[in-house]
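A.B. asks: What follows is the file query15.cif, containing mmCIF, C-alpha atoms and all ligand atoms:
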```cif
data_coords
loop_
_atom_site.label_atom_id
_atom_site.label_comp_id
_atom_site.auth_asym_id
_atom_site.auth_seq_id
_atom_site.Cartn_x
_atom_site.Cartn_y
_atom_site.Cartn_z
CA MET A 1 -49.68 75.90 -27.11
CA TYR A 2 -46.50 76.99 -25.33
CA THR A 3 -46.94 80.76 -25.48
CA GLN A 4 -47.05 80.67 -21.68
CA ALA A 5 -43.26 80.42 -21.86
CA MET A 6 -43.17 84.07 -22.89
CA ASP A 7 -44.82 85.15 -19.64
CA LEU A 8 -42.59 86.63 -16.97
CA PRO A 9 -42.40 84.78 -13.66
CA ASP A 10 -43.95 86.37 -10.62
CA PRO A 11 -41.17 88.54 -9.00
CA SER A 12 -42.41 87.58 -5.54
CA ALA A 13 -41.05 84.10 -6.29
CA LYS A 14 -37.58 85.45 -5.55
CA LEU A 15 -38.63 85.91 -1.93
CA HIS A 16 -38.98 82.18 -1.47
CA VAL A 17 -36.33 80.58 0.72
CA VAL A 18 -35.88 76.82 0.32
CA GLY A 19 -37.14 74.90 3.34
CA GLN A 20 -39.15 77.79 4.78
CA PRO A 21 -42.90 77.70 4.36
CA ASP A 22 -44.14 80.84 2.64
CA ALA A 23 -47.12 81.91 0.61
CA ALA A 24 -45.73 80.74 -2.75
CA GLN A 25 -44.87 77.31 -1.41
CA ALA A 26 -48.26 77.04 0.28
CA GLU A 27 -50.06 77.95 -2.94
CA PHE A 28 -47.99 75.41 -4.87
CA ASP A 29 -48.78 72.68 -2.33
CA LEU A 30 -52.45 73.58 -2.44
CA LYS A 31 -52.53 73.23 -6.21
CA ILE A 32 -50.74 69.88 -6.10
CA ASP A 33 -53.10 68.59 -3.39
CA ALA A 34 -56.14 69.75 -5.36
CA ASP A 35 -54.76 68.10 -8.52
CA ARG A 36 -54.61 71.42 -10.35
CA LYS A 37 -52.07 72.19 -13.05
CA ILE A 38 -48.85 74.09 -12.47
CA GLU A 39 -48.17 76.44 -15.39
CA PRO A 40 -44.83 77.98 -16.49
CA GLN A 41 -45.61 81.43 -15.03
CA ASP A 42 -46.50 79.93 -11.62
CA TRP A 43 -44.00 79.79 -8.80
CA MET A 44 -42.59 76.29 -8.32
CA PRO A 45 -39.94 74.81 -6.03
CA GLU A 46 -36.55 74.57 -7.69
CA ALA A 47 -36.44 70.79 -7.12
CA TYR A 48 -39.80 70.38 -8.94
CA ARG A 49 -38.52 72.44 -11.88
CA LYS A 50 -35.27 70.44 -12.04
CA THR A 51 -37.04 67.09 -11.87
CA LEU A 52 -39.38 68.08 -14.68
CA LEU A 53 -36.57 69.45 -16.80
CA ARG A 54 -34.60 66.23 -16.29
CA GLN A 55 -37.52 63.96 -17.18
CA ILE A 56 -38.95 66.00 -20.08
CA SER A 57 -35.57 66.60 -21.73
CA GLN A 58 -34.63 62.90 -21.35
CA HIS A 59 -37.99 62.03 -22.84
CA ALA A 60 -37.41 64.41 -25.78
CA HIS A 61 -33.94 62.95 -26.39
CA SER A 62 -35.43 59.44 -26.34
CA GLU A 63 -37.92 60.34 -29.05
CA ILE A 64 -35.21 61.81 -31.27
CA VAL A 65 -32.65 59.03 -30.75
CA GLY A 66 -35.56 56.58 -31.02
CA MET A 67 -35.96 57.54 -34.66
CA GLN A 68 -32.72 55.72 -35.48
CA PRO A 69 -33.37 51.98 -34.92
CA GLU A 70 -36.47 52.04 -37.12
CA GLY A 71 -35.17 54.75 -39.47
CA ASN A 72 -32.50 52.21 -40.46
CA TRP A 73 -35.26 50.18 -42.14
CA ILE A 74 -37.06 52.86 -44.15
CA SER A 75 -35.12 52.10 -47.33
CA ARG A 76 -35.51 48.34 -46.78
CA ALA A 77 -39.23 48.14 -45.95
CA PRO A 78 -40.74 45.18 -47.84
CA SER A 79 -43.54 47.11 -49.61
CA LEU A 80 -44.64 50.64 -50.43
CA LYS A 81 -47.42 50.35 -47.83
CA ARG A 82 -44.98 49.36 -45.07
CA LYS A 83 -42.55 52.08 -46.13
CA ALA A 84 -45.27 54.76 -45.96
CA ILE A 85 -46.35 53.58 -42.50
CA LEU A 86 -42.78 53.48 -41.22
CA LEU A 87 -41.96 56.91 -42.64
CA ALA A 88 -45.03 58.36 -40.91
CA LYS A 89 -44.14 56.68 -37.63
CA VAL A 90 -40.52 57.83 -37.58
CA GLN A 91 -41.66 61.33 -38.50
CA ASP A 92 -44.16 61.22 -35.61
CA GLU A 93 -41.30 60.40 -33.21
CA GLY A 94 -39.42 63.48 -34.45
CA GLY A 95 -42.57 65.53 -33.80
CA HIS A 96 -42.86 64.13 -30.26
CA GLY A 97 -39.30 65.23 -29.59
CA LEU A 98 -40.15 68.75 -30.75
CA TYR A 99 -43.30 69.06 -28.57
CA LEU A 100 -41.27 67.84 -25.62
CA TYR A 101 -38.30 70.17 -26.19
CA SER A 102 -40.86 73.01 -26.36
CA ALA A 103 -42.43 71.87 -23.07
CA ALA A 104 -38.96 71.68 -21.46
CA GLU A 105 -38.08 75.17 -22.74
CA THR A 106 -40.99 76.57 -20.70
CA LEU A 107 -38.92 75.61 -17.63
CA GLY A 108 -36.23 78.08 -18.61
CA GLN A 109 -33.63 76.01 -20.42
CA SER A 110 -32.72 76.60 -24.05
CA ARG A 111 -32.96 73.86 -26.64
CA ASP A 112 -29.29 74.39 -27.49
CA THR A 113 -28.30 73.64 -23.90
CA MET A 114 -30.40 70.47 -23.87
CA LEU A 115 -28.96 69.30 -27.19
CA GLU A 116 -25.44 70.04 -26.00
CA ALA A 117 -26.08 67.81 -22.96
CA LEU A 118 -27.30 65.01 -25.26
CA HIS A 119 -24.44 65.33 -27.75
CA SER A 120 -21.75 65.41 -25.07
CA GLY A 121 -23.12 62.20 -23.55
CA LYS A 122 -24.12 63.98 -20.32
CA ALA A 123 -27.88 63.58 -20.76
CA LYS A 124 -29.70 60.28 -20.62
CA TYR A 125 -32.15 58.85 -23.14
CA SER A 126 -34.10 55.62 -22.97
CA SER A 127 -31.97 52.48 -22.67
CA ILE A 128 -34.16 50.71 -25.23
CA PHE A 129 -32.76 52.58 -28.22
CA ASN A 130 -29.28 51.16 -27.71
CA TYR A 131 -30.20 47.75 -29.10
CA PRO A 132 -29.84 46.86 -32.79
CA THR A 133 -32.65 46.23 -35.28
CA LEU A 134 -31.31 43.13 -37.02
CA THR A 135 -34.32 42.09 -39.13
CA TRP A 136 -37.60 43.52 -40.46
CA ALA A 137 -39.40 41.72 -37.60
CA ASP A 138 -37.57 44.03 -35.16
CA VAL A 139 -39.46 46.97 -36.64
CA GLY A 140 -42.80 45.27 -35.87
CA VAL A 141 -41.60 44.30 -32.39
CA ILE A 142 -40.56 47.88 -31.64
CA GLY A 143 -44.08 49.02 -32.56
CA TRP A 144 -45.79 46.29 -30.58
CA LEU A 145 -43.58 46.09 -27.49
CA VAL A 146 -41.56 49.34 -27.28
CA ASP A 147 -44.45 51.61 -28.23
CA GLY A 148 -46.76 49.39 -26.16
CA ALA A 149 -44.52 49.98 -23.13
CA ALA A 150 -44.30 53.66 -24.01
CA ILE A 151 -48.10 54.02 -23.99
CA MET A 152 -48.37 52.22 -20.66
CA ASN A 153 -45.79 54.62 -19.19
CA GLN A 154 -47.05 57.76 -20.91
CA ILE A 155 -50.86 57.62 -20.49
CA PRO A 156 -50.50 58.52 -16.79
CA ILE A 157 -48.23 61.45 -17.79
CA CYS A 158 -51.26 62.98 -19.58
CA ARG A 159 -52.38 63.74 -15.99
CA CYS A 160 -48.98 65.11 -14.93
CA SER A 161 -49.21 68.17 -12.69
CA TYR A 162 -47.17 70.33 -15.10
CA GLY A 163 -49.55 71.72 -17.73
CA PRO A 164 -47.28 71.91 -20.84
CA TYR A 165 -45.98 68.34 -20.33
CA ALA A 166 -49.46 66.92 -19.69
CA ARG A 167 -50.91 68.62 -22.79
CA ALA A 168 -48.05 67.50 -25.03
CA MET A 169 -48.56 63.92 -23.86
CA ILE A 170 -52.19 63.80 -24.98
CA ARG A 171 -51.31 64.06 -28.66
CA ILE A 172 -48.21 61.90 -28.25
CA CYS A 173 -50.25 59.08 -26.71
CA LYS A 174 -52.77 59.15 -29.56
CA GLU A 175 -49.94 58.73 -32.04
CA GLU A 176 -48.21 56.05 -29.94
CA SER A 177 -51.43 54.09 -30.00
CA PHE A 178 -51.33 54.00 -33.82
CA HIS A 179 -47.66 52.99 -33.62
CA GLN A 180 -48.42 50.07 -31.34
CA ARG A 181 -51.24 48.84 -33.56
CA GLN A 182 -49.24 49.04 -36.78
CA GLY A 183 -46.47 47.00 -35.12
CA PHE A 184 -48.90 44.34 -33.95
CA GLU A 185 -50.58 44.19 -37.38
CA SER A 186 -47.21 43.88 -39.15
CA LEU A 187 -46.24 41.00 -36.86
CA LEU A 188 -49.63 39.32 -37.32
CA THR A 189 -49.08 39.42 -41.10
CA GLN A 190 -45.59 37.95 -40.72
CA MET A 191 -46.92 35.21 -38.42
CA LYS A 192 -49.38 34.19 -41.17
CA GLY A 193 -46.44 33.86 -43.62
CA THR A 194 -43.74 31.21 -43.89
CA GLN A 195 -42.04 29.29 -41.09
CA ALA A 196 -38.91 31.41 -41.70
CA GLN A 197 -40.97 34.57 -41.08
CA ARG A 198 -42.47 33.14 -37.90
CA ASP A 199 -38.99 32.20 -36.67
CA MET A 200 -37.78 35.71 -37.44
CA VAL A 201 -40.61 37.24 -35.35
CA GLN A 202 -39.95 34.86 -32.44
CA ASP A 203 -36.24 35.68 -32.56
CA ALA A 204 -36.99 39.42 -32.44
CA VAL A 205 -39.39 38.95 -29.49
CA ASN A 206 -36.71 36.92 -27.68
CA ARG A 207 -34.16 39.73 -28.08
CA TRP A 208 -36.45 42.64 -27.18
CA TRP A 209 -38.53 41.23 -24.30
CA TRP A 210 -36.14 41.80 -21.42
CA PRO A 211 -34.85 45.25 -22.53
CA VAL A 212 -38.50 46.34 -22.88
CA LEU A 213 -39.31 45.25 -19.31
CA ALA A 214 -36.25 47.17 -18.08
CA MET A 215 -37.39 50.27 -19.98
CA PHE A 216 -39.85 51.09 -17.15
CA GLY A 217 -36.86 51.96 -14.96
CA PRO A 218 -35.30 50.37 -11.86
CA PRO A 219 -37.43 48.59 -9.24
CA ASP A 220 -39.35 51.00 -7.01
CA ALA A 221 -36.99 50.32 -4.10
CA ASP A 222 -34.02 51.48 -6.24
CA SER A 223 -35.73 54.44 -7.90
CA PRO A 224 -34.33 57.60 -6.28
CA ASN A 225 -36.61 60.02 -8.12
CA SER A 226 -39.92 58.25 -7.54
CA ALA A 227 -40.86 59.55 -4.09
CA ASN A 228 -40.73 63.23 -5.07
CA SER A 229 -42.18 62.63 -8.53
CA MET A 230 -45.15 60.75 -7.08
CA ARG A 231 -45.72 63.40 -4.40
CA TRP A 232 -45.67 66.15 -7.01
CA GLY A 233 -48.00 64.34 -9.42
CA ILE A 234 -45.34 64.05 -12.12
CA LYS A 235 -45.43 60.27 -11.89
CA ARG A 236 -48.84 58.76 -11.18
CA ILE A 237 -47.99 55.04 -11.23
CA SER A 238 -44.72 53.50 -10.03
CA ASN A 239 -42.11 51.81 -12.26
CA ASP A 240 -42.94 48.31 -10.95
CA ASP A 241 -46.72 48.78 -11.17
CA LEU A 242 -46.45 49.98 -14.79
CA ARG A 243 -44.18 47.04 -15.62
CA GLN A 244 -46.74 44.64 -14.13
CA LYS A 245 -49.60 46.27 -16.05
CA PHE A 246 -47.56 45.93 -19.25
CA VAL A 247 -46.85 42.22 -18.71
CA ASP A 248 -50.51 41.55 -17.90
CA ALA A 249 -51.70 43.37 -21.02
CA THR A 250 -49.07 41.94 -23.37
CA ILE A 251 -49.12 38.20 -22.66
CA PRO A 252 -52.67 37.74 -24.06
CA GLN A 253 -51.55 39.65 -27.18
CA ALA A 254 -48.52 37.33 -27.53
CA LYS A 255 -50.93 34.38 -27.44
CA ILE A 256 -53.00 35.88 -30.27
CA LEU A 257 -49.82 36.43 -32.28
CA GLY A 258 -48.60 32.90 -31.58
CA VAL A 259 -45.28 33.90 -30.00
CA THR A 260 -43.83 33.14 -26.58
CA VAL A 261 -41.75 35.36 -24.32
CA PRO A 262 -38.29 34.12 -23.21
CA ASP A 263 -39.16 33.76 -19.53
CA PRO A 264 -39.41 30.26 -18.00
CA ASP A 265 -40.75 31.81 -14.78
CA LEU A 266 -43.71 33.53 -16.43
CA GLU A 267 -46.87 32.20 -14.85
CA TRP A 268 -50.39 33.43 -14.15
CA ASN A 269 -50.80 33.94 -10.41
CA GLU A 270 -54.46 33.34 -9.58
CA GLN A 271 -54.11 34.75 -6.07
CA ARG A 272 -52.54 38.03 -7.17
CA GLY A 273 -54.58 38.28 -10.35
CA HIS A 274 -51.36 39.08 -12.23
CA TYR A 275 -48.62 37.31 -14.15
CA ASP A 276 -45.48 36.48 -12.15
CA TYR A 277 -42.35 37.03 -14.19
CA GLY A 278 -38.64 36.25 -13.86
CA ALA A 279 -35.75 38.40 -12.64
CA ILE A 280 -34.60 41.29 -14.82
CA ASP A 281 -30.85 41.63 -15.40
CA TRP A 282 -30.33 45.06 -13.84
CA ASP A 283 -26.56 44.90 -14.36
CA ASP A 284 -27.19 44.79 -18.10
CA PHE A 285 -29.66 47.70 -17.82
CA TRP A 286 -27.19 49.91 -15.95
CA ALA A 287 -24.38 49.02 -18.36
CA VAL A 288 -26.61 50.25 -21.21
CA VAL A 289 -27.74 53.36 -19.31
CA ASN A 290 -24.10 54.17 -18.54
CA GLY A 291 -23.09 54.14 -22.20
CA ASN A 292 -21.94 50.55 -22.70
CA GLY A 293 -24.86 48.97 -24.57
CA PRO A 294 -24.52 47.38 -28.01
CA CYS A 295 -25.30 50.60 -29.94
CA ASN A 296 -24.73 53.57 -27.57
CA LYS A 297 -21.71 54.92 -29.41
CA GLU A 298 -23.26 54.46 -32.84
CA ARG A 299 -26.52 56.17 -31.80
CA LEU A 300 -24.74 59.20 -30.34
CA ALA A 301 -22.36 59.54 -33.30
CA THR A 302 -25.29 59.37 -35.75
CA ARG A 303 -27.19 62.00 -33.77
CA VAL A 304 -24.22 64.39 -33.61
CA LYS A 305 -23.58 63.97 -37.34
CA ALA A 306 -27.26 64.60 -38.17
CA HIS A 307 -27.14 67.79 -36.07
CA GLU A 308 -23.96 69.00 -37.78
CA ASP A 309 -25.24 68.10 -41.25
CA GLY A 310 -28.42 70.05 -40.52
CA GLN A 311 -26.60 73.27 -39.60
CA TRP A 312 -27.21 74.76 -43.07
CA VAL A 313 -30.98 74.26 -42.63
CA ARG A 314 -30.97 76.15 -39.33
CA ASP A 315 -28.80 78.88 -40.85
CA ALA A 316 -31.12 79.19 -43.85
CA ALA A 317 -34.25 79.29 -41.65
CA LEU A 318 -32.71 82.03 -39.47
CA ALA A 319 -31.58 84.06 -42.50
CA HIS A 320 -35.10 83.79 -43.94
CA ALA A 321 -36.71 84.81 -40.64
CA ARG A 322 -34.39 87.84 -40.42
CA LYS A 323 -35.29 88.87 -43.99
CA VAL A 324 -39.03 88.55 -43.28
CA MET A 325 -38.68 90.57 -40.09
CA ALA A 326 -36.65 93.29 -41.84
CA ARG A 327 -39.28 93.49 -44.62
CA GLU A 328 -42.11 93.74 -42.08
CA LEU A 329 -40.28 96.46 -40.14
CA LYS A 330 -39.67 98.41 -43.37
CA GLU A 331 -43.33 98.11 -44.36
CA ALA A 332 -44.47 99.17 -40.87
CA ALA A 333 -42.16 102.24 -40.88
N1 LIG A 401 -33.34 54.38 -19.76
O1 LIG A 401 -35.49 57.21 -10.23
P1 LIG A 401 -35.83 56.61 -11.56
C1 LIG A 401 -40.63 56.22 -26.95
C2 LIG A 401 -32.71 56.47 -15.15
S1 LIG A 401 -39.57 57.24 -26.06
C3 LIG A 401 -32.38 55.24 -19.34
O2 LIG A 401 -36.89 55.57 -11.58
P2 LIG A 401 -37.53 58.44 -12.98
C4 LIG A 401 -40.39 55.90 -28.34
C5 LIG A 401 -33.44 57.72 -14.68
O3 LIG A 401 -33.41 58.73 -15.67
C6 LIG A 401 -39.62 56.51 -24.43
N2 LIG A 401 -32.34 55.74 -18.08
O4 LIG A 401 -36.14 57.78 -12.60
C7 LIG A 401 -39.63 56.73 -29.17
C8 LIG A 401 -32.67 58.05 -13.42
O5 LIG A 401 -31.44 58.70 -13.76
P3 LIG A 401 -31.20 60.29 -13.47
C9 LIG A 401 -39.01 57.34 -23.38
C10 LIG A 401 -33.33 55.34 -17.25
O6 LIG A 401 -37.26 59.57 -13.89
C11 LIG A 401 -39.34 56.33 -30.47
C12 LIG A 401 -32.27 56.68 -12.89
O7 LIG A 401 -32.39 55.77 -13.98
N3 LIG A 401 -39.99 57.53 -22.33
O8 LIG A 401 -41.49 55.76 -26.34
O9 LIG A 401 -38.35 58.69 -11.78
C13 LIG A 401 -39.80 55.11 -30.98
C14 LIG A 401 -33.16 56.23 -11.76
O10 LIG A 401 -34.51 55.98 -12.22
C15 LIG A 401 -34.36 54.47 -17.64
C16 LIG A 401 -39.85 58.46 -21.37
O11 LIG A 401 -38.87 59.14 -21.32
C17 LIG A 401 -34.32 53.97 -18.95
N4 LIG A 401 -35.25 53.12 -19.42
O12 LIG A 401 -38.27 57.28 -13.82
C18 LIG A 401 -40.58 54.30 -30.17
C19 LIG A 401 -41.04 58.60 -20.43
N5 LIG A 401 -35.18 54.27 -16.59
O13 LIG A 401 -32.10 61.02 -14.44
C20 LIG A 401 -40.90 54.67 -28.89
C21 LIG A 401 -40.86 59.69 -19.43
C22 LIG A 401 -34.68 55.00 -15.57
O14 LIG A 401 -31.61 60.54 -12.05
N6 LIG A 401 -39.98 59.29 -18.35
N7 LIG A 401 -33.56 55.63 -15.97
O15 LIG A 401 -29.76 60.50 -13.77
C23 LIG A 401 -40.40 58.58 -17.27
O16 LIG A 401 -41.53 58.16 -17.16
C24 LIG A 401 -39.39 58.35 -16.17
O17 LIG A 401 -38.33 59.26 -16.36
C25 LIG A 401 -38.84 56.89 -16.12
C26 LIG A 401 -37.74 56.81 -15.04
C27 LIG A 401 -39.94 55.92 -15.77
C28 LIG A 401 -38.21 56.49 -17.46
#
```
Would you encode the structure as structure tokens?
C.D. replies:
Amino acid sequence: MYTQAMDLPDPSAKLHVVGQPDAAQAEFDLKIDADRKIEPQDWMPEAYRKTLLRQISQHAHSEIVGMQPEGNWISRAPSLKRKAILLAKVQDEGGHGLYLYSAAETLGQSRDTMLEALHSGKAKYSSIFNYPTLTWADVGVIGWLVDGAAIMNQIPICRCSYGPYARAMIRICKEESFHQRQGFESLLTQMKGTQAQRDMVQDAVNRWWWPVLAMFGPPDADSPNSANSMRWGIKRISNDDLRQKFVDATIPQAKILGVTVPDPDLEWNEQRGHYDYGAIDWDDFWAVVNGNGPCNKERLATRVKAHEDGQWVRDAALAHARKVMARELKEAA
């Protein structure tokens, strides 16, 4: 899928001078205007490449760190069926991270460099994974709300102008759709159980609702990257519009489940044809993004330890690959 990364860039790209219209820039603009894909071997403006690299690597980190809150519950899942589903889901998230690191590598940055940025705390990952999973209901709520928000945000990325990112997102979205449904089904089962189970689900919804709404990113007016990303077809729908679509799609589902969301200002607005919702605590969001959420330190420490503990696997895989290559060279000689 990503063999394009092996292609050499067009040497004429070096002739491009930022800010001066030239043939490469004109061709790029033409492709963007015609909604055609930009591929790794194509010339692209440096700012486009940087924006993609930033978003795709952050997205990859989110998938990998996102394995932790639910991974915590694999050994405590209440039945074999739930354990098998959760194992598959967490494994899927790991796979998403790998497709996305591969897509980011086509932009000329090594995976080691990206991982170093994550492990040193320099790179961002989604705010949502810095909250704790206190009960089994949290696992269902992550599937229903977090993966639900992820699908809403990621379906438009299937049409992103950068080919490798758009293609990776198609498979990711199919899997996210299963994740969302399994979360909803798990919660539906719990809501048909005892009063204690229903209370546990409601408590989890109360804790996750606002962080999930914030997950779509700052309001459009405070989103510095949106203008370029929209112009370049990286983002297709704005942060606020996606958030609104998510609220509108989710409230009817909450009614089916029999839960409420912790927002006294939530109200259907007949005139707008949308739900109005209350103010998001952006100070809390930025505190979490800047490393001061409830679990930031724990998540990063766990990730770094997993990477270090896995060094022997990477060493063994490399040693094996070297042996295979040496054998093939010997046979070919
Ligand atoms: N958390 O200008 P803006 C999953 C940052 S994985 C942290 O609007 P942009 C799953 C933003 O990076 C879900 N930081 O930015 C996995 C920027 O800072 P920098 C992850 C955030 O990029 C396992 C600054 O705020 N999804 O679904 O235009 C289990 C200003 O924002 C957040 C993706 O990564 C945040 N929530 O828009 C279950 C999707 N929001 O970089 C589920 C791909 C904003 O300038 N990413 N920031 O220093 C995107 O669609 C966009 O990057 C965003 C932000 C909508 C997130």
A.B. asks: Identify, on the basis of only C-alpha atoms, every residue whose closest approach to A:Trp210 does not exceed 7 Å; exclude the query and any residue fewer than 3 positions from it along the same chain; express the result as an NGL selection string.
C.D. replies: :A and (213-214 or 280)
A.B. asks: Within 6 Å of ligand LIG 401 (chain A), counting all atoms listed in the file, which protein or nucleic acid residues do you find, written as a list of chain:residue names?
C.D. replies: A:Gln55, A:Gln58, A:His59, A:Ser62, A:Glu63, A:Gly66, A:Met67, A:Glu93, A:Lys124, A:Tyr125, A:Ser126, A:Ser127, A:Val146, A:Asp147, A:Ala150, A:Asn153, A:Met215, A:Phe216, A:Gly217, A:Pro218, A:Ser223, A:Pro224, A:Asn225, A:Ser226, A:Asn239, A:Val289
A.B. asks: Mind giving me the straight-line distance from atom CA of A:Thr302 to atom CA of A:Thr135 in Å, one decimal?
C.D. replies: 19.8 Å
A.B. asks: Counting all atoms listed in the file, figure out which residue out of A:Thr133, A:Thr194, A:Gln109, A:Gln68 gets nearest to A:Gly94.
C.D. replies: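 Ranking A:Thr133, A:Thr194, A:Gln109, A:Gln68 by distance to A:Gly94, first place goes to A:Gln68.
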A.B. asks: How many Å lie between atom CA of A:Glu70 and atom CA of A:Gln190, rounded to one decimal?
C.D. replies: 17.2 Å
A.B. asks: Dump as a Markdown table the rows for residues of stretch 222-246 of chain A within 10 Å of stretch 27-47 of chain A: closest atom pair and distance in Å with one decimal, only C-alpha atoms counted, ordered by chain and rising residue number.
C.D. replies:
```
| residue | atom | partner | partner_atom | distance |
| --- | --- | --- | --- | --- |
| A:Asn228 | CA | A:Ala47 | CA | 8.9 |
| A:Arg231 | CA | A:Ile32 | CA | 8.4 |
| A:Trp232 | CA | A:Ile32 | CA | 6.4 |
| A:Gly233 | CA | A:Ile32 | CA | 7.0 |
| A:Ile234 | CA | A:Ile32 | CA | 10.0 |
```
A.B. asks: One decimal, in Å: what's the spacing between atom CA of A:Asp138 and atom CA of A:Ala204?
C.D. replies: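 We find that atom CA of A:Asp138 and atom CA of A:Ala204 lie 5.4 Å from each other.
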A.B. asks: Would you please work out which residue, of A:Arg111, A:Tyr131, A:Ala77, A:Glu328, is nearest to A:Asn292 when using all atoms listed in the file?
C.D. replies: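 The shortest atom-to-atom distance to A:Asn292 comes from A:Tyr131.
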A.B. asks: Would you mind putting N, CA, C and O atoms back on stretch 91-103 of chain A and writing the result as a PDB file, in the frame of the given file?
C.D. replies:
```pdb
ATOM      1  N   GLN A  91     -41.419  59.878 -38.495  1.00  0.00           N
ATOM      2  CA  GLN A  91     -41.660  61.330 -38.500  1.00  0.00           C
ATOM      3  C   GLN A  91     -42.436  61.760 -37.249  1.00  0.00           C
ATOM      4  O   GLN A  91     -42.148  62.802 -36.654  1.00  0.00           O
ATOM      5  N   ASP A  92     -43.409  60.934 -36.846  1.00  0.00           N
ATOM      6  CA  ASP A  92     -44.160  61.220 -35.610  1.00  0.00           C
ATOM      7  C   ASP A  92     -43.205  61.324 -34.421  1.00  0.00           C
ATOM      8  O   ASP A  92     -43.345  62.198 -33.561  1.00  0.00           O
ATOM      9  N   GLU A  93     -42.230  60.402 -34.357  1.00  0.00           N
ATOM     10  CA  GLU A  93     -41.300  60.400 -33.210  1.00  0.00           C
ATOM     11  C   GLU A  93     -40.524  61.726 -33.181  1.00  0.00           C
ATOM     12  O   GLU A  93     -40.302  62.312 -32.124  1.00  0.00           O
ATOM     13  N   GLY A  94     -40.110  62.175 -34.375  1.00  0.00           N
ATOM     14  CA  GLY A  94     -39.420  63.480 -34.450  1.00  0.00           C
ATOM     15  C   GLY A  94     -40.319  64.582 -33.911  1.00  0.00           C
ATOM     16  O   GLY A  94     -39.879  65.455 -33.147  1.00  0.00           O
ATOM     17  N   GLY A  95     -41.599  64.532 -34.284  1.00  0.00           N
ATOM     18  CA  GLY A  95     -42.570  65.530 -33.800  1.00  0.00           C
ATOM     19  C   GLY A  95     -42.701  65.477 -32.281  1.00  0.00           C
ATOM     20  O   GLY A  95     -42.742  66.513 -31.613  1.00  0.00           O
ATOM     21  N   HIS A  96     -42.735  64.258 -31.733  1.00  0.00           N
ATOM     22  CA  HIS A  96     -42.860  64.130 -30.260  1.00  0.00           C
ATOM     23  C   HIS A  96     -41.674  64.809 -29.579  1.00  0.00           C
ATOM     24  O   HIS A  96     -41.834  65.495 -28.577  1.00  0.00           O
ATOM     25  N   GLY A  97     -40.494  64.593 -30.163  1.00  0.00           N
ATOM     26  CA  GLY A  97     -39.300  65.230 -29.590  1.00  0.00           C
ATOM     27  C   GLY A  97     -39.474  66.746 -29.581  1.00  0.00           C
ATOM     28  O   GLY A  97     -39.167  67.403 -28.587  1.00  0.00           O
ATOM     29  N   LEU A  98     -40.010  67.286 -30.678  1.00  0.00           N
ATOM     30  CA  LEU A  98     -40.150  68.750 -30.750  1.00  0.00           C
ATOM     31  C   LEU A  98     -41.171  69.275 -29.748  1.00  0.00           C
ATOM     32  O   LEU A  98     -40.943  70.301 -29.100  1.00  0.00           O
ATOM     33  N   TYR A  99     -42.327  68.568 -29.586  1.00  0.00           N
ATOM     34  CA  TYR A  99     -43.300  69.060 -28.570  1.00  0.00           C
ATOM     35  C   TYR A  99     -42.618  69.065 -27.207  1.00  0.00           C
ATOM     36  O   TYR A  99     -42.818  69.957 -26.386  1.00  0.00           O
ATOM     37  N   LEU A 100     -41.840  67.986 -26.961  1.00  0.00           N
ATOM     38  CA  LEU A 100     -41.270  67.840 -25.620  1.00  0.00           C
ATOM     39  C   LEU A 100     -40.140  68.847 -25.356  1.00  0.00           C
ATOM     40  O   LEU A 100     -40.034  69.378 -24.256  1.00  0.00           O
ATOM     41  N   TYR A 101     -39.314  69.117 -26.376  1.00  0.00           N
ATOM     42  CA  TYR A 101     -38.300  70.170 -26.190  1.00  0.00           C
ATOM     43  C   TYR A 101     -39.011  71.500 -25.897  1.00  0.00           C
ATOM     44  O   TYR A 101     -38.561  72.287 -25.059  1.00  0.00           O
ATOM     45  N   SER A 102     -40.123  71.755 -26.596  1.00  0.00           N
ATOM     46  CA  SER A 102     -40.860  73.010 -26.360  1.00  0.00           C
ATOM     47  C   SER A 102     -41.380  73.048 -24.922  1.00  0.00           C
ATOM     48  O   SER A 102     -41.296  74.081 -24.251  1.00  0.00           O
ATOM     49  N   ALA A 103     -41.916  71.921 -24.457  1.00  0.00           N
ATOM     50  CA  ALA A 103     -42.430  71.870 -23.070  1.00  0.00           C
ATOM     51  C   ALA A 103     -41.275  72.111 -22.092  1.00  0.00           C
ATOM     52  O   ALA A 103     -41.422  72.851 -21.109  1.00  0.00           O
TER      53      ALA A 103
END
```
